[in-house]
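Participant: Sending over a structure as structure tokens; questions will come in a sec.
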Amino acid sequence: MRKLYSTIIVLLFVSIAIAQNKKEFQVKFETASHLILENESQKILDKIASLSRSKDNYYVQIIGHTDNIGNLDYNYTLSNERAKSVADFFIANGFLEKDIYLSGKSFLNPISENKSEKGKAKNRRVTIIISQKKEQEICFAGLKLKEQTYTIDNSKTEILDYKSGTKITIPENSFMDKNGNAVTGTVSIKYLEYREPKDYVLANIPMDFHDGKENFHFNSGGMFKINATKDGEEVFLKNGKNINLDFKITEELPNLNFYQLDSKNKWVELSKLNTTSNFGGDDVIEGEDIFTINYYNLCNSTSCDSFKDIRNFGIKNSETENSLSKFYNLSAEKLKPKTEEKATNAATEKEKRFRKEELIDSYKKGIQNNLVRIEAFKNRITAETPKYSLKKIADENSELLFNINFEVITNVQNLNFKKINWSTNNPSQIAETNWNKKWNSCIITANENETFTIVLKDSVNELSINANKMISDKINLNKPALLSEKMNKAFELQLKKIRKYEKINEKYAKRNRDFEKKIADLTGNSNQKKQTDSIKIYTNKNFVKCFWENSKSYMTADEQNLTLINWITYFDNNKSLMNQRYRTLQNSLDCIELFKKREEANRLVYENQRQSAVATSKANQLTRSLSISNLGIYNCDQIQRLQNPVEIFAEYKDENEKEIKPLFIYLLDSKFNGIIKYDGYNNYNPYRFAFSPSSKNTLLAFDGNGDSYIFESEKFKLITTSGTVLKHTFGMKKIENLATEVELKNLL
């Protein structure tokens with residue numbers, strides 16, 4: 001009895017301690033509103049007043065919710081706006097912005113049924129969780145990165161060597177104290193490099209960059225931190241005293257830039273380290289020649305594809321030295337009778353030849369671009385084509401035990417194949433030559449006597465293995481027939497993907513055949529009639545007409561009522577207006593989204609070439625010469641986007657099915673040397689984030705109690721990405737203290 005009583009006292013003490021360290025409460029909102037009501041504001045102030053410590057000793061987690069009036073996206077935006085309103089309230093009352101974490105859950109987490117007004121009112125809320133920071137030094141799972149410390153003589157130029165191969169040159173008399181006074185004697189330098197995902201996790205340094213228009217993620221070529229102290233007090237670089245580094249980057253990346261982390265914890269670009277891709281591909285689309293116009297696109301492409309050429313055509317013909325009337329030959333249209341058209345045609349023959357050459361050049365460029373795509377899709381087809389092989393495990397007592405290996409990059413079947421072995425009492429079914437053979441398909445059929453038939457095929461041969469039993473100590477085999485059916489369905493999905501790639505590949509091949517035919521027509525390598533017809537199709541007048549028709553959505557109402565001829569005159573009489581219009585022209589949101597998807601696809605196209613370049617650069621361990629005028633944190637990174645991302649609404653539970661409420665999450669994507677942090681910035685948060693299904697992904701979650709959790713990559717592969725709204729409950733594993741960084745690296 002005494003033992004039970006003692007246990008109750010201990011549990012009560014723990015509960016009180018937790019209650020003191022964490023406060024959770026809710027504030028309510030009116031329908032469709034994100035404004036905090038006066039009585040709700042007082043509720044927040046009362047909770048703030050009850051805190052026992054300084055406000056910078058707390059994390060504040062703010063989660064917005066809505067009722068179910070309106071669609072998912074509308075309510076997601078509203079839930080984020082409600083969370084932001086509360087966050088602004090906390091900041092105004094003295095809390096640090098960096099310690100506030102925002103999330104929005106739309107209507108996906110109701111606490112009451114939305115069938116009544118009373119229930120909806122309960123769901124229109126923001127949940128606020130105030131957690132006290134732990135006293136101990138910040139670390140992750142018991143690990144912390146250790147800086148390299150150097151002691152230098154400030155009166156001399158010093159060269160420091162770091163273990164990666166980086167050399168740091170510090171000029172003489174470089175340092176001053178916080179009052180601007182020169183520092184003499186010895187100075188302590190602390191230097192640390194971050195070179196792989198485990199380092200970025202331990203550093204908790206942001207790995208994204210916002211250029212004012214769009215948010216990008218960093219694919220890192222290496223990051224470093226350098227600080228200096230004198231007798232324990234921070235010192236600073238004098239004006240004109242730059243530290244120079246021969247920095248060893250982790251790999252050669254295209255479009256590598258140099259950044260510094262500013263006082264607001266945001267990255268500022270300092271310089272471009274290299275601006276051209278070392279493997280080909282259009283990673284950066286800015287800086288294009290404004291006068292490069294694909295005339296074919298003006299009349300023959302979709303509005304999305306022709307947008308750039310419409311814009312460039314408008315700019316070119318609104319410049320002072322250019323004239324849309326001249327391009328259209330409007331003077332001849334107005335003044336000369338039809339009997340004089342032959343003379344006009346002769347006068348413009350030179351211009352036609354010029355236009356024909358431009359057309360041919362645009363077709364050739366199109367062919368080259370398509371050839372790159374064709375080659376890339378051929379590689380993808382090869383990579384995605386299943387390859388099955390048999391592996392003998394044991395052959396004893398007339399029983400053969402074997403395994404089926406499945407080799408493909410996107411291994412939708414591999415998980416189950418790895419964990420399942422097969423046995424047969426008829427080993428003679430498999431000839432010795434079949435053990436080293438690779439097959440293109442594997443179909444598993446369940447028989448009535450609880451055995452299975454395995455049929456392996458390639459383009460010529462077929463191998464049927466009968467009366468097999470399924471064996472595994474890693475998978476529950478209560479329903480083996482269902483498991484085999486899932487494996488077969490996965491194979492069908494793989495084939496659909498290959499057929500899709502083949503279809504796209506043929507589309508680009510057909511485009512090239514069309515381009516080649518057009519070039520043949522224009523260069524006279526086809527019959528003369530076709531050449532004449534082709535030139536006739538692409539006259540200047542037709543280009544201007546296409547330009548006029550495609551520009552109507554950007555015209556005023558009065559302009560839209562003008563005839564083609566009158567609008568050409570209006571265009572030339574208002575060149576300044578037109579130049580401004582076409583220079584500031586914005587594509588539609590649908591087209592922008594389409595181009596984003598294409599760009600993501602293009603990144604996949606060049607991945608194999610990039611990997612080849614990476615291998616070469618790792619062998620060379622290339623160096624970048626850098627110069628810094630301030631101490632702090634810097635990186636050499638490439639901005640990158642997720643490849644074919646999907647958005648997911650997430651919930652989290654621990655191994656005991658208890659809900660986890662993360663402050664933020666890290667996503668580790670295998671195609672990035674870096675981490676993606678989702679903490680409420682840019683409208684993404686732990687409860688709605690994006691990931692790339694084509695990558696190997698690992699997820700880390702961190703809550704206000706200082707606990708961390710992991711969702712391993714093998715589990716990530718099992719998430720289905722079909723359906724209009726992707727939702728998943730992540731079963732997280734708590735990360736206990738780790739002994740070494742190697743353990744962390746293996747965990748990730």
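Chain labels follow the order of the structure tokens: the first chain is A, the next B, and so on; residue numbering restarts at 1 in every chain, and ligands are counted from 1 in their shown order.
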If DSSP is run on the backbone, what residues of range 354-473 of chain A are alpha helix (DSSP H)? A reply as an mmCIF file with N, CA, C and O atoms, in the first residue's frame would be ideal.

Facilitator:
data_model
loop_
_atom_site.group_PDB
_atom_site.id
_atom_site.type_symbol
_atom_site.label_atom_id
_atom_site.label_comp_id
_atom_site.auth_asym_id
_atom_site.auth_seq_id
_atom_site.Cartn_x
_atom_site.Cartn_y
_atom_site.Cartn_z
ATOM 1 N N PHE A 354 15.648 35.835 -94.670
ATOM 2 C CA PHE A 354 16.076 35.996 -93.280
ATOM 3 C C PHE A 354 15.124 35.259 -92.337
ATOM 4 O O PHE A 354 15.549 34.562 -91.414
ATOM 5 N N ARG A 355 13.803 35.400 -92.567
ATOM 6 C CA ARG A 355 12.819 34.732 -91.724
ATOM 7 C C ARG A 355 12.924 33.212 -91.879
ATOM 8 O O ARG A 355 12.756 32.459 -90.921
ATOM 9 N N LYS A 356 13.199 32.763 -93.100
ATOM 10 C CA LYS A 356 13.334 31.331 -93.335
ATOM 11 C C LYS A 356 14.518 30.766 -92.552
ATOM 12 O O LYS A 356 14.431 29.695 -91.941
ATOM 13 N N GLU A 357 15.631 31.522 -92.534
ATOM 14 C CA GLU A 357 16.803 31.079 -91.777
ATOM 15 C C GLU A 357 16.499 31.032 -90.284
ATOM 16 O O GLU A 357 16.950 30.124 -89.574
ATOM 17 N N GLU A 358 15.730 32.038 -89.814
ATOM 18 C CA GLU A 358 15.344 32.024 -88.406
ATOM 19 C C GLU A 358 14.491 30.805 -88.077
ATOM 20 O O GLU A 358 14.651 30.168 -87.036
ATOM 21 N N LEU A 359 13.566 30.464 -88.990
ATOM 22 C CA LEU A 359 12.720 29.292 -88.792
ATOM 23 C C LEU A 359 13.548 28.017 -88.729
ATOM 24 O O LEU A 359 13.377 27.178 -87.840
ATOM 25 N N ILE A 360 14.468 27.878 -89.689
ATOM 26 C CA ILE A 360 15.310 26.686 -89.730
ATOM 27 C C ILE A 360 16.118 26.560 -88.449
ATOM 28 O O ILE A 360 16.232 25.481 -87.858
ATOM 29 N N ASP A 361 16.663 27.702 -87.992
ATOM 30 C CA ASP A 361 17.459 27.689 -86.772
ATOM 31 C C ASP A 361 16.605 27.285 -85.569
ATOM 32 O O ASP A 361 17.047 26.518 -84.710
ATOM 33 N N SER A 362 15.357 27.786 -85.525
ATOM 34 C CA SER A 362 14.493 27.437 -84.396
ATOM 35 C C SER A 362 14.130 25.957 -84.420
ATOM 36 O O SER A 362 14.062 25.308 -83.376
ATOM 37 N N TYR A 363 13.919 25.399 -85.635
ATOM 38 C CA TYR A 363 13.622 23.965 -85.741
ATOM 39 C C TYR A 363 14.816 23.135 -85.281
ATOM 40 O O TYR A 363 14.672 22.122 -84.580
ATOM 41 N N LYS A 364 16.021 23.551 -85.666
ATOM 42 C CA LYS A 364 17.221 22.804 -85.278
ATOM 43 C C LYS A 364 17.412 22.816 -83.770
ATOM 44 O O LYS A 364 17.778 21.803 -83.171
ATOM 45 N N LYS A 365 17.157 23.988 -83.165
ATOM 46 C CA LYS A 365 17.253 24.056 -81.710
ATOM 47 C C LYS A 365 16.216 23.148 -81.053
ATOM 48 O O LYS A 365 16.489 22.483 -80.056
ATOM 49 N N GLY A 366 15.009 23.149 -81.633
ATOM 50 C CA GLY A 366 13.962 22.270 -81.110
ATOM 51 C C GLY A 366 14.359 20.810 -81.189
ATOM 52 O O GLY A 366 14.118 20.034 -80.266
ATOM 53 N N ILE A 367 15.011 20.423 -82.314
ATOM 54 C CA ILE A 367 15.465 19.033 -82.482
ATOM 55 C C ILE A 367 16.491 18.676 -81.418
ATOM 56 O O ILE A 367 16.432 17.605 -80.801
ATOM 57 N N GLN A 368 17.447 19.582 -81.178
ATOM 58 C CA GLN A 368 18.481 19.309 -80.175
ATOM 59 C C GLN A 368 17.873 19.164 -78.784
ATOM 60 O O GLN A 368 18.243 18.258 -78.018
ATOM 61 N N ASN A 369 16.943 20.050 -78.443
ATOM 62 C CA ASN A 369 16.293 19.952 -77.132
ATOM 63 C C ASN A 369 15.527 18.646 -76.984
ATOM 64 O O ASN A 369 15.549 17.997 -75.935
ATOM 65 N N ASN A 370 14.855 18.248 -78.057
ATOM 66 C CA ASN A 370 14.088 17.006 -78.014
ATOM 67 C C ASN A 370 14.989 15.784 -77.923
ATOM 68 O O ASN A 370 14.639 14.791 -77.281
ATOM 69 N N LEU A 371 16.168 15.848 -78.582
ATOM 70 C CA LEU A 371 17.105 14.728 -78.510
ATOM 71 C C LEU A 371 17.581 14.501 -77.076
ATOM 72 O O LEU A 371 17.745 13.358 -76.633
ATOM 73 N N VAL A 372 17.793 15.611 -76.352
ATOM 74 C CA VAL A 372 18.173 15.491 -74.942
ATOM 75 C C VAL A 372 17.056 14.799 -74.154
ATOM 76 O O VAL A 372 17.301 13.900 -73.349
ATOM 77 N N ARG A 373 15.807 15.219 -74.429
ATOM 78 C CA ARG A 373 14.668 14.613 -73.727
ATOM 79 C C ARG A 373 14.524 13.130 -74.091
ATOM 80 O O ARG A 373 14.258 12.292 -73.231
ATOM 81 N N ILE A 374 14.688 12.823 -75.383
ATOM 82 C CA ILE A 374 14.562 11.436 -75.844
ATOM 83 C C ILE A 374 15.587 10.546 -75.148
ATOM 84 O O ILE A 374 15.269 9.458 -74.655
ATOM 85 N N GLU A 375 16.827 11.019 -75.103
ATOM 86 C CA GLU A 375 17.885 10.237 -74.464
ATOM 87 C C GLU A 375 17.579 10.041 -72.982
ATOM 88 O O GLU A 375 17.790 8.958 -72.422
ATOM 89 N N ALA A 376 17.072 11.106 -72.349
ATOM 90 C CA ALA A 376 16.757 11.026 -70.919
ATOM 91 C C ALA A 376 15.644 10.014 -70.660
ATOM 92 O O ALA A 376 15.717 9.224 -69.711
ATOM 93 N N PHE A 377 14.606 10.033 -71.497
ATOM 94 C CA PHE A 377 13.517 9.088 -71.293
ATOM 95 C C PHE A 377 13.935 7.661 -71.629
ATOM 96 O O PHE A 377 13.458 6.707 -71.015
ATOM 97 N N LYS A 378 14.858 7.492 -72.585
ATOM 98 C CA LYS A 378 15.403 6.152 -72.831
ATOM 99 C C LYS A 378 16.109 5.633 -71.585
ATOM 100 O O LYS A 378 15.980 4.461 -71.216
ATOM 101 N N ASN A 379 16.869 6.531 -70.944
ATOM 102 C CA ASN A 379 17.565 6.138 -69.715
ATOM 103 C C ASN A 379 16.565 5.780 -68.617
ATOM 104 O O ASN A 379 16.771 4.828 -67.854
ATOM 105 N N ARG A 380 15.478 6.563 -68.546
ATOM 106 C CA ARG A 380 14.482 6.284 -67.513
ATOM 107 C C ARG A 380 13.782 4.950 -67.771
ATOM 108 O O ARG A 380 13.502 4.189 -66.844
ATOM 109 N N ILE A 381 13.503 4.659 -69.047
ATOM 110 C CA ILE A 381 12.869 3.389 -69.397
ATOM 111 C C ILE A 381 13.783 2.231 -68.992
ATOM 112 O O ILE A 381 13.353 1.234 -68.406
ATOM 113 N N THR A 382 15.094 2.390 -69.301
ATOM 114 C CA THR A 382 16.057 1.350 -68.933
ATOM 115 C C THR A 382 16.121 1.179 -67.424
ATOM 116 O O THR A 382 16.140 0.063 -66.902
ATOM 117 N N ALA A 383 16.149 2.320 -66.718
ATOM 118 C CA ALA A 383 16.259 2.273 -65.255
ATOM 119 C C ALA A 383 15.017 1.684 -64.605
ATOM 120 O O ALA A 383 15.103 1.027 -63.566
ATOM 121 N N GLU A 384 13.844 1.928 -65.206
ATOM 122 C CA GLU A 384 12.590 1.476 -64.609
ATOM 123 C C GLU A 384 12.207 0.056 -65.026
ATOM 124 O O GLU A 384 11.309 -0.538 -64.439
ATOM 125 N N ASN A 414 10.458 -4.289 -54.407
ATOM 126 C CA ASN A 414 11.678 -4.810 -53.803
ATOM 127 C C ASN A 414 11.530 -5.134 -52.329
ATOM 128 O O ASN A 414 12.120 -6.078 -51.822
ATOM 129 N N LEU A 415 10.758 -4.312 -51.592
ATOM 130 C CA LEU A 415 10.631 -4.502 -50.160
ATOM 131 C C LEU A 415 10.151 -5.911 -49.826
ATOM 132 O O LEU A 415 10.750 -6.616 -49.015
ATOM 133 N N ASN A 416 9.063 -6.337 -50.470
ATOM 134 C CA ASN A 416 8.524 -7.659 -50.178
ATOM 135 C C ASN A 416 9.405 -8.775 -50.722
ATOM 136 O O ASN A 416 9.538 -9.827 -50.110
ATOM 137 N N PHE A 417 10.026 -8.557 -51.870
ATOM 138 C CA PHE A 417 10.901 -9.580 -52.433
ATOM 139 C C PHE A 417 12.096 -9.842 -51.519
ATOM 140 O O PHE A 417 12.563 -10.961 -51.392
ATOM 141 N N LYS A 418 12.602 -8.771 -50.899
ATOM 142 C CA LYS A 418 13.752 -8.935 -50.006
ATOM 143 C C LYS A 418 13.393 -9.760 -48.774
ATOM 144 O O LYS A 418 14.221 -10.503 -48.249
ATOM 145 N N LYS A 419 12.169 -9.604 -48.305
ATOM 146 C CA LYS A 419 11.793 -10.205 -47.029
ATOM 147 C C LYS A 419 11.183 -11.598 -47.161
ATOM 148 O O LYS A 419 10.904 -12.250 -46.161
#

Participant: Neighbours of range 698-701 of chain A within 9 Å (only C-alpha atoms; same-chain residues fewer than 2 positions away dropped), as a list in words?

Facilitator: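 The contact residues come out as Tyr652, Ile660, Lys661, Pro662, Leu663, Phe664, Ile665, Tyr666, Leu667, Leu668, Asp669, Ser670, Pro686, Lys696, Asp703, Asp707, Ser708, Tyr709, Ile710, Phe711, Glu712, Ser713, Glu714, Lys715, Phe716, Met732 and Leu748 of chain A.
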
Participant: Within 8 Å of range 219-228 of chain A, counting only C-alpha atoms, which residues qualify if same-chain residues fewer than 4 places away don't, as a PyMOL selection string?

Facilitator: chain A and resi 187-196+234-236+248-253+256+631-640+672-674

Participant: Using Å and a single decimal, report how far CA of Leu245 in chain A sits from CA of Ser271 in chain A.

Facilitator: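 Taking CA of Ser271 in chain A and CA of Leu245 in chain A, their separation equals 14.6 Å.
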
Participant: Need to verify the contact set: Leu564 in chain A, 10 Å, only C-alpha atoms, exclusion of same-chain residues closer than 4 positions in sequence. Can you return it as a PyMOL selection string?

Facilitator: chain A and resi 544-545+548-549+559-560+568-570

Participant: Please provide as a VMD selection string all residues within 7 Å of Val455 in chain A, with the sequence filter that same-chain residues fewer than 2 positions apart are discarded (counting only C-alpha atoms).

Facilitator: chain A and resid 442 to 444 453 457 463 to 465

Participant: Could you take the residues named above and write them with N, CA, C and O atoms, as a tab-separated table (two decimals), in the first residue's frame?

Facilitator:
chain	number	residue	atom	x	y	z
A	442	CYS	N	7.76	-11.00	-63.47
A	442	CYS	CA	7.58	-12.08	-62.49
A	442	CYS	C	6.13	-12.01	-61.99
A	442	CYS	O	5.73	-11.03	-61.36
A	443	ILE	N	5.34	-13.03	-62.31
A	443	ILE	CA	3.94	-13.10	-61.87
A	443	ILE	C	3.79	-14.26	-60.90
A	443	ILE	O	4.23	-15.38	-61.18
A	444	ILE	N	3.17	-14.00	-59.75
A	444	ILE	CA	3.02	-15.00	-58.70
A	444	ILE	C	1.53	-15.32	-58.55
A	444	ILE	O	0.72	-14.42	-58.30
A	453	THR	N	2.58	-20.52	-57.79
A	453	THR	CA	3.31	-20.73	-59.04
A	453	THR	C	3.98	-19.42	-59.42
A	453	THR	O	3.34	-18.36	-59.45
A	457	LYS	N	9.57	-14.32	-67.06
A	457	LYS	CA	9.60	-14.19	-68.52
A	457	LYS	C	10.59	-13.13	-68.93
A	457	LYS	O	10.86	-12.18	-68.20
A	463	LEU	N	10.08	-19.22	-67.65
A	463	LEU	CA	10.38	-20.24	-66.65
A	463	LEU	C	9.22	-20.30	-65.66
A	463	LEU	O	8.88	-19.29	-65.04
A	464	SER	N	8.62	-21.50	-65.50
A	464	SER	CA	7.52	-21.68	-64.57
A	464	SER	C	7.99	-22.58	-63.43
A	464	SER	O	8.47	-23.70	-63.66
A	465	ILE	N	7.88	-22.07	-62.18
A	465	ILE	CA	8.30	-22.83	-60.99
A	465	ILE	C	7.03	-23.11	-60.18
A	465	ILE	O	6.39	-22.19	-59.68

Participant: Applying 7 Å and only C-alpha atoms, which residues near Ile63 in chain A remain after dropping the ones on its own chain fewer than 5 positions away? List them as a ChimeraX atom specification.

Facilitator: /A:83,102-104,126-128

Participant: Between A:Leu482, A:Ile111, A:Leu718, A:Ile243, which residue has the minimum interatomic distance to Asn173 in chain A, considering only C-alpha atoms?

Facilitator: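 For Asn173 in chain A, the nearest of the candidates is A:Ile243.
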
Participant: Of the residues A:Ile648, A:Glu743, A:Asn512, A:Ile310, which is the one nearest to Thr720 in chain A, using only C-alpha atoms?

Facilitator: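 Looking only at the distances to Thr720 in chain A, the closest residue turns out to be A:Ile648.
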
Participant: From the DSSP assignment of the backbone, select every residue of range 72-252 of chain A that is strand (DSSP E), and format the answer as a count of residues only.

Facilitator: 67

Participant: List the spatial neighbours of Ser85 in chain A as an NGL selection string - criterion: any atom at most 12 Å away, only C-alpha atoms, same-chain residues fewer than 5 positions off excluded.

Facilitator: :A and (27 or 29 or 33-37 or 40-41 or 62-64 or 78-80 or 90-92 or 102-104 or 125-126)

Participant: How would the residues just picked look written out with C-alpha atoms as a PDB file, in the first residue's frame?

Facilitator:
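Wrote it out as part-v2.pdb, contents follow:
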ATOM      1  CA  VAL A  27      -8.959  30.777 -28.599  1.00  0.00           C
ATOM      2  CA  PHE A  29     -12.887  32.863 -33.951  1.00  0.00           C
ATOM      3  CA  SER A  33     -12.552  35.571 -39.781  1.00  0.00           C
ATOM      4  CA  HIS A  34      -8.946  35.550 -38.606  1.00  0.00           C
ATOM      5  CA  LEU A  35      -9.303  38.566 -36.291  1.00  0.00           C
ATOM      6  CA  ILE A  36      -8.802  37.936 -32.569  1.00  0.00           C
ATOM      7  CA  LEU A  37     -11.829  38.953 -30.500  1.00  0.00           C
ATOM      8  CA  GLU A  40     -10.050  36.013 -26.606  1.00  0.00           C
ATOM      9  CA  SER A  41      -7.146  38.491 -26.460  1.00  0.00           C
ATOM     10  CA  ILE A  62       0.294  27.962 -32.710  1.00  0.00           C
ATOM     11  CA  ILE A  63      -2.006  25.655 -34.705  1.00  0.00           C
ATOM     12  CA  GLY A  64      -4.963  27.077 -36.661  1.00  0.00           C
ATOM     13  CA  LEU A  78      -7.801  30.666 -43.276  1.00  0.00           C
ATOM     14  CA  SER A  79      -6.311  28.385 -40.606  1.00  0.00           C
ATOM     15  CA  ASN A  80      -2.836  29.786 -41.367  1.00  0.00           C
ATOM     16  CA  PHE A  90       2.589  37.105 -29.086  1.00  0.00           C
ATOM     17  CA  ILE A  91       5.353  39.046 -30.860  1.00  0.00           C
ATOM     18  CA  ALA A  92       3.682  42.330 -29.903  1.00  0.00           C
ATOM     19  CA  LEU A 102       2.939  28.329 -36.973  1.00  0.00           C
ATOM     20  CA  SER A 103       0.772  25.600 -38.477  1.00  0.00           C
ATOM     21  CA  GLY A 104      -2.588  25.392 -40.196  1.00  0.00           C
ATOM     22  CA  ARG A 125     -10.140  27.809 -33.057  1.00  0.00           C
ATOM     23  CA  VAL A 126      -6.418  28.212 -32.624  1.00  0.00           C
TER      24      VAL A 126
END

Participant: Between A:Ala650, A:Leu738, A:Ile628, A:Cys591, which is the closest to Pro171 in chain A once you count only C-alpha atoms?

Facilitator: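 Using only C-alpha atoms, the shortest distance to Pro171 in chain A belongs to A:Ile628.
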
Participant: CA of Leu456 in chain A and CA of Gln429 in chain A are how many Å apart?

Facilitator: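 CA of Gln429 in chain A lies 12.4 Å from CA of Leu456 in chain A.
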
Participant: Just how far from CA of Phe689 in chain A is CA of Glu647 in chain A, in Å to one decimal?

Facilitator: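 Taking CA of Glu647 in chain A and CA of Phe689 in chain A, their separation equals 5.6 Å.
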